[in-house]
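What's in input27.txt: compact mmCIF, C-alpha atoms
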# COMPACT_ATOMS: atom_id res chain seq x y z
CA MET A 255 112.55 61.72 155.78
CA THR A 256 112.28 60.61 152.13
CA ALA A 257 110.75 63.20 149.86
CA VAL A 258 107.34 62.41 148.46
CA ARG A 259 106.94 63.25 144.81
CA VAL A 260 103.74 63.18 142.78
CA LYS A 261 104.08 62.81 139.03
CA PHE A 262 101.24 63.44 136.62
CA TRP A 263 101.31 61.26 133.52
CA GLY A 264 97.76 61.90 132.30
CA THR A 265 95.50 64.72 133.38
CA ARG A 266 92.71 64.90 130.81
CA GLY A 267 89.20 63.64 131.47
CA SER A 268 86.78 61.57 129.38
CA LEU A 269 89.09 60.87 126.48
CA PRO A 270 92.63 61.72 125.43
CA VAL A 271 93.22 64.67 123.13
CA ALA A 272 96.13 65.98 121.10
CA LEU A 273 97.39 69.37 120.01
CA ASP A 274 96.45 69.69 116.35
CA SER A 275 98.42 71.24 113.54
CA ALA A 276 96.45 74.48 113.46
CA SER A 277 96.89 75.01 117.20
CA LEU A 278 100.59 74.19 116.99
CA LYS A 279 101.10 76.68 114.15
CA GLU A 280 99.27 79.36 116.13
CA ARG A 281 101.43 78.61 119.14
CA LEU A 282 104.61 78.79 117.08
CA ALA A 283 103.51 82.05 115.47
CA ARG A 284 102.97 83.61 118.89
CA ALA A 285 106.31 82.34 120.11
CA LEU A 286 108.13 83.69 117.05
CA VAL A 287 106.56 87.11 117.55
CA ALA A 288 107.40 87.09 121.26
CA ALA A 289 110.98 86.01 120.56
CA SER A 290 111.51 88.78 118.05
CA GLY A 291 114.43 90.93 119.16
CA HIS A 292 115.84 88.19 121.40
CA ASP A 293 118.85 86.10 120.46
CA VAL A 294 117.39 82.68 119.68
CA SER A 295 119.91 81.91 116.96
CA THR A 296 120.87 78.47 118.29
CA LEU A 297 118.89 75.56 119.70
CA GLY A 298 120.53 76.16 123.09
CA LYS A 299 119.56 79.83 123.14
CA ALA A 300 116.06 79.04 121.92
CA ARG A 301 115.65 76.41 124.68
CA ALA A 302 116.90 78.90 127.26
CA TRP A 303 114.39 81.48 126.01
CA LEU A 304 111.63 78.91 126.40
CA GLU A 305 112.50 78.53 130.09
CA ARG A 306 111.65 82.17 130.80
CA GLU A 307 108.48 84.19 130.40
CA PRO A 308 106.84 84.51 127.94
CA GLY A 309 108.56 81.52 126.35
CA SER A 310 107.76 79.20 129.24
CA ARG A 311 104.06 80.01 128.87
CA LEU A 312 104.04 79.78 125.07
CA GLY A 313 106.05 76.57 125.11
CA HIS A 314 103.75 74.87 127.59
CA THR A 315 100.92 72.50 126.97
CA PHE A 316 98.69 70.75 129.50
CA GLY A 317 98.85 67.67 127.35
CA GLY A 318 96.08 65.28 126.50
CA ASP A 319 96.58 61.85 128.07
CA SER A 320 93.82 60.48 130.25
CA PRO A 321 94.34 60.00 134.01
CA CYS A 322 97.38 58.41 135.50
CA VAL A 323 99.17 59.79 138.55
CA GLN A 324 102.25 58.34 140.25
CA LEU A 325 103.22 58.65 143.91
CA GLU A 326 106.89 58.25 144.59
CA ALA A 327 108.67 58.03 147.92
CA GLY A 328 111.96 56.38 147.08
CA ASP A 329 110.62 52.84 147.12
CA ASP A 330 111.45 50.21 144.54
CA GLU A 331 107.79 49.44 143.93
CA TYR A 332 105.69 51.80 141.88
CA VAL A 333 102.39 53.32 143.03
CA LEU A 334 99.89 54.64 140.51
CA CYS A 335 96.39 56.04 140.50
CA ASP A 336 94.37 54.93 137.46
CA LEU A 337 95.50 53.50 134.14
CA GLY A 338 94.43 56.05 131.55
CA THR A 339 96.56 56.62 128.48
CA GLY A 340 99.10 58.42 130.64
CA ALA A 341 100.04 54.96 131.94
CA ARG A 342 101.49 54.13 128.53
CA VAL A 343 103.93 57.02 128.78
CA PHE A 344 104.82 56.15 132.36
CA ALA A 345 105.47 52.53 131.44
CA SER A 346 107.62 53.40 128.43
CA ARG A 347 109.79 55.61 130.67
CA VAL A 348 110.22 52.76 133.13
CA VAL A 349 111.28 50.37 130.37
CA GLN A 350 113.55 52.98 128.78
CA ARG A 351 115.21 53.71 132.10
CA HIS A 352 115.66 50.15 133.34
CA GLY A 353 115.42 48.04 130.21
CA PRO A 354 112.80 45.38 129.47
CA ALA A 355 114.61 42.65 131.42
CA LYS A 356 114.38 44.30 134.82
CA THR A 357 111.19 43.36 136.61
CA HIS A 358 109.12 45.56 138.82
CA VAL A 359 106.09 45.62 141.08
CA PHE A 360 103.31 48.06 140.32
CA HIS A 361 100.52 48.93 142.74
CA VAL A 362 97.61 50.60 140.96
CA PHE A 363 94.65 52.19 142.72
CA MET A 364 91.60 52.51 140.50
CA SER A 365 89.15 55.35 141.06
CA HIS A 366 86.63 53.58 138.83
CA LEU A 367 86.31 51.63 135.61
CA HIS A 368 85.15 54.15 133.05
CA TRP A 369 87.12 53.84 129.87
CA ASP A 370 89.30 56.91 130.26
CA HIS A 371 90.70 55.44 133.49
CA ILE A 372 91.51 51.96 132.17
CA MET A 373 92.23 52.52 128.49
CA GLY A 374 95.98 52.77 128.99
CA PHE A 375 96.35 49.22 130.31
CA PRO A 376 96.42 47.40 126.93
CA PHE A 377 99.46 49.57 126.15
CA PHE A 378 101.11 49.18 129.55
CA ALA A 379 104.30 47.44 128.39
CA PRO A 380 105.23 45.78 131.72
CA ALA A 381 101.93 43.84 131.59
CA TYR A 382 103.33 41.83 128.68
CA LEU A 383 106.68 41.04 130.25
CA PRO A 384 107.11 37.96 132.46
CA GLY A 385 108.48 38.65 135.91
CA ASN A 386 106.57 41.88 136.43
CA ARG A 387 103.87 41.92 139.06
CA ILE A 388 100.92 44.27 138.76
CA VAL A 389 98.51 44.56 141.66
CA ILE A 390 95.32 46.42 140.78
CA TYR A 391 93.33 47.66 143.76
CA GLY A 392 89.79 48.90 143.69
CA CYS A 393 86.45 48.91 145.42
CA HIS A 394 84.30 47.83 142.47
CA ARG A 395 83.06 44.25 142.37
CA ASP A 396 83.66 43.99 138.63
CA LEU A 397 87.22 45.32 138.75
CA GLU A 398 88.79 42.25 137.15
CA ARG A 399 85.90 41.73 134.73
CA ALA A 400 86.31 45.27 133.34
CA PHE A 401 90.01 44.77 132.64
CA ARG A 402 89.45 41.38 131.03
CA ALA A 403 86.59 42.72 128.90
CA GLN A 404 88.74 45.58 127.62
CA HIS A 405 91.50 43.16 126.72
CA ALA A 406 89.36 40.90 124.54
CA ALA A 407 87.72 40.77 121.14
CA PRO A 408 86.20 42.84 119.65
CA CYS A 409 87.86 45.64 121.68
CA PHE A 410 91.48 44.53 121.55
CA PRO A 411 93.35 41.89 119.52
CA VAL A 412 95.50 40.55 122.37
CA PRO A 413 93.51 38.62 124.96
CA PHE A 414 94.13 39.25 128.66
CA GLU A 415 95.29 35.64 129.10
CA ARG A 416 98.32 36.31 126.90
CA LEU A 417 99.74 38.95 129.25
CA GLY A 418 103.08 37.76 130.59
CA ALA A 419 103.11 39.58 133.94
CA ARG A 420 101.51 38.31 137.13
CA ILE A 421 98.37 40.42 137.47
CA GLU A 422 96.37 40.45 140.69
CA PHE A 423 93.12 42.17 141.57
CA VAL A 424 92.56 43.19 145.17
CA ASP A 425 89.23 44.30 146.55
CA LEU A 426 89.56 47.17 149.01
CA ALA A 427 86.96 48.07 151.62
CA PRO A 428 86.17 51.78 151.53
CA GLY A 429 86.23 53.90 154.64
CA ARG A 430 89.20 52.27 156.32
CA ALA A 431 92.96 52.43 156.01
CA HIS A 432 94.93 49.75 154.17
CA GLU A 433 98.70 49.46 154.53
CA ILE A 434 100.05 49.00 151.01
CA ALA A 435 103.51 49.59 149.53
CA GLY A 436 104.59 51.80 152.42
CA TRP A 437 101.44 53.92 152.29
CA SER A 438 98.34 54.04 154.45
CA VAL A 439 95.59 54.15 151.83
CA THR A 440 91.97 55.00 152.61
CA PRO A 441 89.35 54.78 149.85
CA ARG A 442 86.17 56.84 150.02
CA ARG A 443 83.08 56.36 147.87
CA GLN A 444 82.25 59.29 145.63
CA ASP A 445 79.24 60.48 143.68
CA HIS A 446 79.73 59.31 140.08
CA SER A 447 77.84 57.03 137.75
CA GLY A 448 78.56 53.46 138.89
CA ASP A 449 80.42 54.95 141.87
CA SER A 450 83.98 56.15 141.97
CA TYR A 451 86.46 56.13 144.83
CA GLY A 452 88.83 58.77 146.06
CA TYR A 453 91.99 57.73 147.86
CA ARG A 454 93.82 59.36 150.72
CA PHE A 455 97.49 58.33 150.80
CA SER A 456 99.39 59.00 154.02
CA ARG A 457 103.01 58.45 154.88
CA GLY A 458 105.52 60.03 157.22
CA GLY A 459 103.16 62.81 158.27
CA ARG A 460 102.28 63.81 154.70
CA SER A 461 99.15 63.06 152.76
CA VAL A 462 97.89 63.20 149.21
CA VAL A 463 94.23 62.94 148.25
CA TYR A 464 93.35 61.71 144.77
CA SER A 465 89.72 62.65 144.15
CA THR A 466 88.72 62.47 140.54
CA ASP A 467 85.37 61.82 138.88
CA SER A 468 83.39 62.99 141.85
CA GLU A 469 80.43 65.36 141.94
CA TYR A 470 80.64 67.35 145.16
CA ARG A 471 77.40 69.23 145.78
CA LEU A 472 77.99 70.46 149.36
CA ASP A 473 74.25 70.76 149.90
CA ASP A 474 74.18 68.37 152.83
CA ALA A 475 75.96 69.43 156.03
CA ARG A 476 76.86 65.91 157.17
CA ASP A 477 78.20 64.96 153.78
CA THR A 478 80.25 68.16 153.59
CA GLU A 479 81.70 67.38 157.01
CA ALA A 480 82.68 63.88 155.87
CA ILE A 481 84.33 65.19 152.69
CA THR A 482 86.16 67.86 154.66
CA ALA A 483 87.47 65.21 157.04
CA PHE A 484 88.74 63.18 154.07
CA LEU A 485 90.69 66.19 152.80
CA ARG A 486 91.68 67.52 156.23
CA ASP A 487 95.18 69.07 156.30
CA ALA A 488 96.18 67.24 153.10
CA ASP A 489 99.46 68.39 151.59
CA LEU A 490 98.07 67.86 148.11
CA VAL A 491 94.52 67.47 146.82
CA ILE A 492 94.16 66.28 143.22
CA PHE A 493 90.66 67.39 142.37
CA ASP A 494 88.23 66.91 139.49
CA ALA A 495 87.54 70.45 138.29
CA MET A 496 86.19 69.52 134.90
CA TYR A 497 83.24 71.89 134.67
CA SER A 498 82.36 75.42 135.65
CA LEU A 499 80.15 75.58 138.71
CA ALA A 500 77.28 76.94 136.61
CA ASP A 501 77.47 73.94 134.29
CA ALA A 502 77.95 71.46 137.13
CA VAL A 503 74.72 72.58 138.82
CA SER A 504 72.65 72.90 135.66
CA VAL A 505 73.15 71.28 132.25
CA LYS A 506 75.85 68.94 133.55
CA GLU A 507 74.23 68.14 136.87
CA ASP A 508 74.53 64.43 137.71
CA TRP A 509 77.35 64.01 135.20
CA GLY A 510 79.62 63.15 138.11
CA HIS A 511 82.19 65.92 138.08
CA SER A 512 83.01 69.03 140.07
CA SER A 513 84.35 72.53 139.56
CA ASN A 514 87.27 74.75 140.49
CA VAL A 515 84.96 76.77 142.79
CA VAL A 516 84.03 73.73 144.87
CA GLY A 517 87.66 72.59 144.89
CA VAL A 518 88.77 75.85 146.46
CA GLU A 519 85.91 75.83 148.98
CA LEU A 520 86.56 72.28 150.11
CA CYS A 521 90.29 72.78 150.40
CA GLN A 522 89.75 75.97 152.40
CA LEU A 523 87.30 74.19 154.71
CA ALA A 524 89.73 71.29 155.13
CA LYS A 525 92.80 73.53 155.47
CA ALA A 526 94.53 71.59 152.73
CA LYS A 527 97.78 73.10 151.49
CA HIS A 528 97.77 72.65 147.72
CA LEU A 529 94.90 72.14 145.27
CA VAL A 530 95.65 70.69 141.86
CA LEU A 531 92.92 71.07 139.25
CA PHE A 532 92.62 67.77 137.39
CA HIS A 533 90.57 65.80 134.83
CA HIS A 534 90.45 68.72 132.41
CA GLU A 535 87.54 68.96 130.02
CA PRO A 536 88.79 67.53 126.67
CA ALA A 537 87.21 70.38 124.73
CA ASN A 538 89.28 72.95 126.63
CA SER A 539 92.35 74.33 124.90
CA ASP A 540 95.59 75.08 126.71
CA ASP A 541 94.63 78.75 126.80
CA LYS A 542 91.26 77.91 128.34
CA ILE A 543 92.77 75.69 131.04
CA ALA A 544 95.38 78.35 131.81
CA SER A 545 92.61 80.92 132.11
CA ILE A 546 90.62 78.70 134.47
CA TRP A 547 93.76 78.19 136.55
CA ARG A 548 94.35 81.97 136.80
CA GLU A 549 90.72 82.53 137.80
CA THR A 550 91.01 79.84 140.47
CA VAL A 551 94.14 81.47 141.88
CA ARG A 552 92.19 84.72 141.98
CA LEU A 553 89.19 83.03 143.63
CA GLU A 554 91.41 81.67 146.38
CA GLU A 555 92.88 85.13 146.88
CA ILE A 556 89.53 86.93 147.24
CA THR A 557 87.92 84.27 149.43
CA ARG A 558 90.92 83.44 151.58
CA ASN A 559 90.26 83.16 155.27
CA GLY A 560 93.50 82.11 156.93
CA VAL A 561 96.48 80.35 155.42
CA PRO A 562 96.81 80.69 151.63
CA LEU A 563 95.94 77.66 149.53
CA ARG A 564 98.33 77.02 146.67
CA VAL A 565 96.53 76.32 143.40
CA SER A 566 97.97 74.53 140.36
CA ALA A 567 96.51 73.12 137.17
CA ALA A 568 97.79 69.61 136.45
CA TYR A 569 99.55 68.94 133.17
CA ASP A 570 101.12 65.86 131.68
CA GLY A 571 104.65 65.85 133.02
CA LEU A 572 104.00 67.92 136.14
CA GLU A 573 106.00 66.84 139.17
CA ILE A 574 105.24 68.12 142.64
CA GLU A 575 107.46 67.47 145.61
CA LEU A 576 105.75 67.66 148.98
CA MET B 88 71.81 86.22 156.10
CA LEU B 89 68.95 88.71 156.17
CA ILE B 90 66.37 89.31 153.47
CA SER B 91 64.21 92.42 153.43
CA GLN B 92 61.75 93.24 150.72
CA LYS B 93 60.27 96.25 149.01
CA ARG B 94 57.67 96.27 146.28
CA TYR B 95 57.75 98.57 143.28
CA ALA B 96 54.65 97.94 141.19
CA ASN B 97 54.99 94.39 139.85
CA VAL B 98 58.59 93.93 140.99
CA LYS B 99 59.74 92.78 144.39
CA VAL B 100 63.23 93.90 145.35
CA LEU B 101 64.80 91.55 147.87
CA THR B 102 67.72 93.14 149.68
CA LEU B 103 70.16 90.54 150.95
CA SER B 104 72.79 91.16 153.59
CA GLY B 105 75.56 89.13 155.15
CA ARG B 106 77.32 86.05 153.88
CA ILE B 107 75.63 83.31 151.89
CA ASP B 108 77.69 80.30 152.89
CA ASN B 109 77.25 76.78 154.23
CA GLY B 110 76.04 78.17 157.56
CA THR B 111 73.38 80.48 156.13
CA SER B 112 72.41 78.73 152.89
CA ASP B 113 69.45 76.88 154.39
CA SER B 114 67.83 80.07 155.66
CA PHE B 115 68.66 81.76 152.33
CA LYS B 116 66.96 78.96 150.38
CA THR B 117 63.91 79.08 152.61
CA GLY B 118 63.65 82.86 152.54
CA LEU B 119 64.12 83.03 148.78
CA GLY B 120 61.83 80.10 148.08
CA ALA B 121 58.70 81.86 149.29
CA HIS B 122 59.29 84.71 146.85
CA VAL B 123 60.33 82.54 143.92
CA ALA B 124 57.01 80.69 144.20
CA GLU B 125 55.26 83.96 143.31
CA CYS B 126 57.68 84.81 140.52
CA ARG B 127 55.64 83.75 137.51
CA ALA B 128 54.12 84.98 134.27
CA GLY B 129 51.63 87.68 135.20
CA GLY B 130 52.97 87.69 138.76
CA ASP B 131 55.90 89.31 140.55
CA ARG B 132 59.30 89.75 139.03
CA LEU B 133 62.24 89.59 141.38
CA VAL B 134 65.34 91.73 141.70
CA LEU B 135 67.88 90.45 144.17
CA ASP B 136 69.82 93.38 145.62
CA PHE B 137 73.24 92.02 146.54
CA SER B 138 74.66 95.30 147.85
CA GLY B 139 74.86 93.90 151.40
CA VAL B 140 76.37 90.52 150.48
CA ASP B 141 80.12 90.21 150.80
CA TYR B 142 80.47 86.49 149.96
CA ILE B 143 78.49 83.74 148.31
CA SER B 144 79.51 80.08 148.34
CA SER B 145 78.78 77.32 145.85
CA VAL B 146 75.78 76.26 147.94
CA GLY B 147 74.36 79.78 147.72
CA LEU B 148 74.95 79.83 143.97
CA ARG B 149 73.28 76.43 143.68
CA ALA B 150 70.24 77.86 145.49
CA LEU B 151 70.17 80.71 142.96
CA MET B 152 70.32 78.22 140.09
CA LEU B 153 67.35 76.33 141.51
CA ALA B 154 65.49 79.62 141.87
CA ALA B 155 66.28 80.54 138.28
CA ARG B 156 65.09 77.18 137.03
CA GLN B 157 61.84 77.34 138.97
CA SER B 158 61.06 80.90 137.94
CA ARG B 159 61.82 80.08 134.30
CA GLU B 160 59.43 77.14 134.41
CA GLN B 161 56.82 79.49 135.81
CA GLY B 162 57.45 82.17 133.18
CA GLY B 163 58.96 84.52 135.77
CA THR B 164 62.08 86.69 135.80
CA ILE B 165 64.87 87.07 138.37
CA LEU B 166 67.60 89.65 137.99
CA MET B 167 70.67 90.37 140.09
CA ALA B 168 71.74 93.87 141.05
CA ALA B 169 74.50 95.73 142.90
CA LEU B 170 76.93 92.86 143.29
CA GLN B 171 79.91 93.83 145.44
CA PRO B 172 83.26 93.44 143.63
CA VAL B 173 84.16 90.14 145.33
CA VAL B 174 80.74 88.65 144.67
CA HIS B 175 80.89 89.94 141.10
CA GLU B 176 84.17 88.10 140.63
CA ILE B 177 82.73 84.94 142.16
CA PHE B 178 79.82 85.14 139.73
CA HIS B 179 82.25 85.48 136.84
CA ILE B 180 84.64 82.73 137.90
CA SER B 181 81.74 80.34 138.50
CA ARG B 182 80.16 81.44 135.18
CA PHE B 183 76.99 82.47 136.96
CA ASP B 184 77.22 85.79 135.15
CA MET B 185 76.16 83.77 132.09
CA VAL B 186 73.12 82.43 133.94
CA PHE B 187 71.78 85.67 135.38
CA ASP B 188 71.52 89.19 134.07
CA CYS B 189 73.48 91.28 136.57
CA PHE B 190 73.05 95.03 136.81
CA PRO B 191 75.25 97.56 138.60
CA THR B 192 72.27 99.08 140.45
CA VAL B 193 68.74 98.18 141.47
CA ARG B 194 67.47 101.07 139.37
CA GLU B 195 69.08 99.71 136.21
CA ALA B 196 67.59 96.28 136.88
CA LEU B 197 64.13 97.77 137.32
CA ALA B 198 64.55 99.80 134.14
CA LYS B 199 65.18 96.57 132.28
CA ILE B 200 62.04 94.75 133.32
CA SER B 201 59.31 97.16 134.33
CA PRO B 202 58.65 100.83 133.47
CA SER B 203 56.00 101.00 136.20
CA ALA B 204 58.41 99.59 138.77
CA LEU B 205 61.05 102.10 137.69
CA ALA B 206 58.54 104.93 138.03
CA ALA B 207 57.58 103.73 141.50
CA TYR B 208 61.25 103.43 142.46
CA ASP B 209 62.01 106.96 141.25
CA ALA B 210 58.98 108.31 143.08
CA ARG B 211 59.94 106.75 146.42
CA PRO B 212 60.59 109.14 149.28
CA PRO B 213 64.30 109.76 149.89
CA GLY B 214 66.10 107.86 152.69
Rewrite the structure from the file as structure tokens, please.
Amino acid sequence: MTAVRVKFWGTRGSLPVALDSASLKERLARALVAASGHDVSTLGKARAWLEREPGSRLGHTFGGDSPCVQLEAGDDEYVLCDLGTGARVFASRVVQRHGPAKTHVFHVFMSHLHWDHIMGFPFFAPAYLPGNRIVIYGCHRDLERAFRAQHAAPCFPVPFERLGARIEFVDLAPGRAHEIAGWSVTPRRQDHSGDSYGYRFSRGGRSVVYSTDSEYRLDDARDTEAITAFLRDADLVIFDAMYSLADAVSVKEDWGHSSNVVGVELCQLAKAKHLVLFHHEPANSDDKIASIWRETVRLEEITRNGVPLRVSAAYDGLEIEL
Amino acid sequence: MLISQKRYANVKVLTLSGRIDNGTSDSFKTGLGAHVAECRAGGDRLVLDFSGVDYISSVGLRALMLAARQSREQGGTILMAALQPVVHEIFHISRFDMVFDCFPTVREALAKISPSALAAYDARPPG
């Protein structure tokens, strides 16, 4: 059975962010203090120190690219969720690895069309290269219109019509399975402004749920049952945990996002195996996201009823093998 | 999910017991709602005694948020008291400890909001 690997290229919500100079200096200062007394006299020794605690924690950043997640199962064709700025990094790796002359097929499943989820496409190098084929799937009627509008004046200097690749838009019906690129893919409508869609990907007895930009309230029993069924026994649940629960039910109610608390509850109800906190609030620093992750691990521990649920916080560059 | 009540002057102490989860949240909302309606300026203040609650879910916390909002609009006050360690952690992780004032004991909550309620509480027969 081919291994299924999930790669996270962009994990930040709303807009991309970057580590600034002040934060970098602070991080370096902490690392220098922590390394004091250790032999870090060469680049090799310093890199080795950074692989162990506390270096691995101090040398880590969650990154700042907006959503793009890749599913890999040994196929030649690529499968992506969303085209945030993380798609630029993904694409540049593909071109670096294979060269610009080799052509590929990309299957992209769009959760929705808000800017943070499509803003990477104008910088998706394969779109400009003839011979590539990019199939963009979604459940929104204006899927193609949104991409064309982004790729036009006054927003972008290169019009969509000048893209060299063959680009197709495919309308998917939610609530039923579609066989695409070796995967059985089921979209599900979610609560978000203008609607968003989660996707359940199944293959060879394993399943991954990509559920971002969704406000799960759990205040309706039938709805909770339906969501639980969508997540049932999933090997991996990529979950929008942008806000605290207190914010999500008060000042940020109806903003279309969920919390770590609801993520744990749903995954426990659904007996999912691994929860990945995703779509991080752009205002949150690395320390803050790490703290939220630790709290979520603790929450799972104190509310566990049965098999443990593994909890991770997504970061740009994370790879998870199922 | 059981709710019992005791009055101390102008404060009603609601003692909750059991789990507040998806299965019990409806009865919790209904039971709480009747008391929140009377929690207003010049009316009752509420102290929720969580000593008998060993778990609260997001739905239960949402119900508390709605109660807080309603009482605030009415000029009322709701305090939390005697959270068990697990529930206390859930409040912290969900940031609900920033929404509600939480006190280690019912007595300390009463002391915060009503001298007459505290006096009545201290004067209660033992047991």
Would you tabulate, counting only C-alpha atoms, all residues of stretch 378-490 of chain A that have an atom at most 10 Å from an atom of stretch 508-522 of chain A, showing the closest pair of atoms and their distance in Å to one decimal, sorted by chain then ascending number, as a Markdown table?
| residue | atom | partner | partner_atom | distance |
| --- | --- | --- | --- | --- |
| A:Gln444 | CA | A:Gly510 | CA | 8.9 |
| A:Asp445 | CA | A:Gly510 | CA | 6.2 |
| A:His446 | CA | A:Gly510 | CA | 4.3 |
| A:Ser447 | CA | A:Gly510 | CA | 6.4 |
| A:Gly448 | CA | A:Gly510 | CA | 9.8 |
| A:Asp449 | CA | A:Gly510 | CA | 9.1 |
| A:Ser450 | CA | A:Gly510 | CA | 9.1 |
| A:Thr466 | CA | A:His511 | CA | 7.8 |
| A:Asp467 | CA | A:His511 | CA | 5.2 |
| A:Ser468 | CA | A:His511 | CA | 4.9 |
| A:Glu469 | CA | A:His511 | CA | 4.3 |
| A:Tyr470 | CA | A:Ser512 | CA | 5.9 |
| A:Arg471 | CA | A:Ser512 | CA | 8.0 |
| A:Leu472 | CA | A:Val516 | CA | 8.2 |
| A:Thr478 | CA | A:Leu520 | CA | 8.3 |
| A:Glu479 | CA | A:Leu520 | CA | 9.8 |
| A:Ile481 | CA | A:Leu520 | CA | 7.9 |
| A:Thr482 | CA | A:Leu520 | CA | 6.4 |
| A:Ala483 | CA | A:Leu520 | CA | 9.9 |
| A:Leu485 | CA | A:Cys521 | CA | 7.0 |
| A:Arg486 | CA | A:Cys521 | CA | 8.0 |
| A:Asp487 | CA | A:Cys521 | CA | 8.5 |
| A:Ala488 | CA | A:Cys521 | CA | 8.5 |
| A:Leu490 | CA | A:Cys521 | CA | 9.5 |
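In this structure, the chain B residues at most 8 Å away from chain A are Asn109, Tyr142, Ser144, Ser145, Val146, Arg149, Met152, Val173, Glu176, Ile177, Ile180, Ser181, Arg182, Phe183 and Val186 of chain B, with only C-alpha atoms considered.
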What lies within 10 Å of A:Ile434 using all atoms listed in the file, ignoring chain neighbours under 2 positions off, as a CSV table (one decimal) with C-alpha atoms, keeping the file's coordinate frame?
chain,number,residue,atom,x,y,z
A,333,VAL,CA,102.4,53.3,143.0
A,361,HIS,CA,100.5,48.9,142.7
A,391,TYR,CA,93.3,47.7,143.8
A,431,ALA,CA,93.0,52.4,156.0
A,432,HIS,CA,94.9,49.8,154.2
A,436,GLY,CA,104.6,51.8,152.4
A,437,TRP,CA,101.4,53.9,152.3
A,438,SER,CA,98.3,54.0,154.4
A,439,VAL,CA,95.6,54.2,151.8
A,455,PHE,CA,97.5,58.3,150.8
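Near stretch 115-120 of chain B, within 10 Å and counting only C-alpha atoms, sit Met88, Leu89, Ile90, Ser91, Leu101, Leu103, Arg106, Ile107, Asp108, Gly110, Glu125, Cys126, Leu135, Val146, Gly147, Arg149, Ala150, Leu151, Leu153, Ala154 and Gln157 of chain B, not including residues fewer than 5 positions from it in the same chain.
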### Task
Kindly give the distance, in Å, that separates atom CA of A:Pro413 and atom CA of A:His533, rounded to a single decimal.
29.1 Å
Which residues, written as an mmCIF file with C-alpha atoms, in the coordinates of the input, have at least one atom at most 12 Å from stretch 192-194 of chain B, with only C-alpha atoms counted and residues fewer than 5 positions away on the same chain left out?
data_model
loop_
_atom_site.group_PDB
_atom_site.id
_atom_site.type_symbol
_atom_site.label_atom_id
_atom_site.label_comp_id
_atom_site.auth_asym_id
_atom_site.auth_seq_id
_atom_site.Cartn_x
_atom_site.Cartn_y
_atom_site.Cartn_z
ATOM 1 C CA LYS B 93 60.270 96.250 149.010
ATOM 2 C CA TYR B 95 57.750 98.570 143.280
ATOM 3 C CA VAL B 98 58.590 93.930 140.990
ATOM 4 C CA LYS B 99 59.740 92.780 144.390
ATOM 5 C CA VAL B 100 63.230 93.900 145.350
ATOM 6 C CA LEU B 101 64.800 91.550 147.870
ATOM 7 C CA THR B 102 67.720 93.140 149.680
ATOM 8 C CA LEU B 133 62.240 89.590 141.380
ATOM 9 C CA VAL B 134 65.340 91.730 141.700
ATOM 10 C CA LEU B 135 67.880 90.450 144.170
ATOM 11 C CA ASP B 136 69.820 93.380 145.620
ATOM 12 C CA PHE B 137 73.240 92.020 146.540
ATOM 13 C CA SER B 138 74.660 95.300 147.850
ATOM 14 C CA LEU B 166 67.600 89.650 137.990
ATOM 15 C CA MET B 167 70.670 90.370 140.090
ATOM 16 C CA ALA B 168 71.740 93.870 141.050
ATOM 17 C CA ALA B 169 74.500 95.730 142.900
ATOM 18 C CA LEU B 170 76.930 92.860 143.290
ATOM 19 C CA GLN B 171 79.910 93.830 145.440
ATOM 20 C CA LYS B 199 65.180 96.570 132.280
ATOM 21 C CA ILE B 200 62.040 94.750 133.320
ATOM 22 C CA SER B 201 59.310 97.160 134.330
ATOM 23 C CA PRO B 202 58.650 100.830 133.470
ATOM 24 C CA SER B 203 56.000 101.000 136.200
ATOM 25 C CA ALA B 204 58.410 99.590 138.770
ATOM 26 C CA LEU B 205 61.050 102.100 137.690
ATOM 27 C CA ALA B 206 58.540 104.930 138.030
ATOM 28 C CA ALA B 207 57.580 103.730 141.500
ATOM 29 C CA TYR B 208 61.250 103.430 142.460
ATOM 30 C CA ASP B 209 62.010 106.960 141.250
ATOM 31 C CA ALA B 210 58.980 108.310 143.080
ATOM 32 C CA ARG B 211 59.940 106.750 146.420
#
Selection: 8 Å around stretch 285-296 of chain A, all atoms listed in the file, excl. self and same-chain fewer than 2 positions, as a short mmCIF file (atom, residue, chain, number, x, y, z; two decimals) with C-alpha atoms, keeping the file's coordinate frame:
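Resulting contents of result.cif:
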data_model
loop_
_atom_site.label_atom_id
_atom_site.label_comp_id
_atom_site.auth_asym_id
_atom_site.auth_seq_id
_atom_site.Cartn_x
_atom_site.Cartn_y
_atom_site.Cartn_z
CA ARG A 281 101.43 78.61 119.14
CA LEU A 282 104.61 78.79 117.08
CA ALA A 283 103.51 82.05 115.47
CA GLY A 298 120.53 76.16 123.09
CA LYS A 299 119.56 79.83 123.14
CA ALA A 300 116.06 79.04 121.92
CA TRP A 303 114.39 81.48 126.01
CA PRO A 308 106.84 84.51 127.94
CA GLY A 309 108.56 81.52 126.35
CA LEU A 312 104.04 79.78 125.07
CA GLY A 313 106.05 76.57 125.11
#
Residues within 6 Å of stretch 158-161 of chain B, please, as a short mmCIF file (atom, residue, chain, number, x, y, z; two decimals) with C-alpha atoms, keeping the file's coordinate frame. Count all atoms listed in the file; anything in the same chain fewer than 2 positions from it doesn't count.
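Heads up, here's the output in selection_0.cif:
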data_model
loop_
_atom_site.label_atom_id
_atom_site.label_comp_id
_atom_site.auth_asym_id
_atom_site.auth_seq_id
_atom_site.Cartn_x
_atom_site.Cartn_y
_atom_site.Cartn_z
CA CYS B 126 57.68 84.81 140.52
CA ARG B 127 55.64 83.75 137.51
CA ALA B 155 66.28 80.54 138.28
CA ARG B 156 65.09 77.18 137.03
CA GLY B 163 58.96 84.52 135.77
#
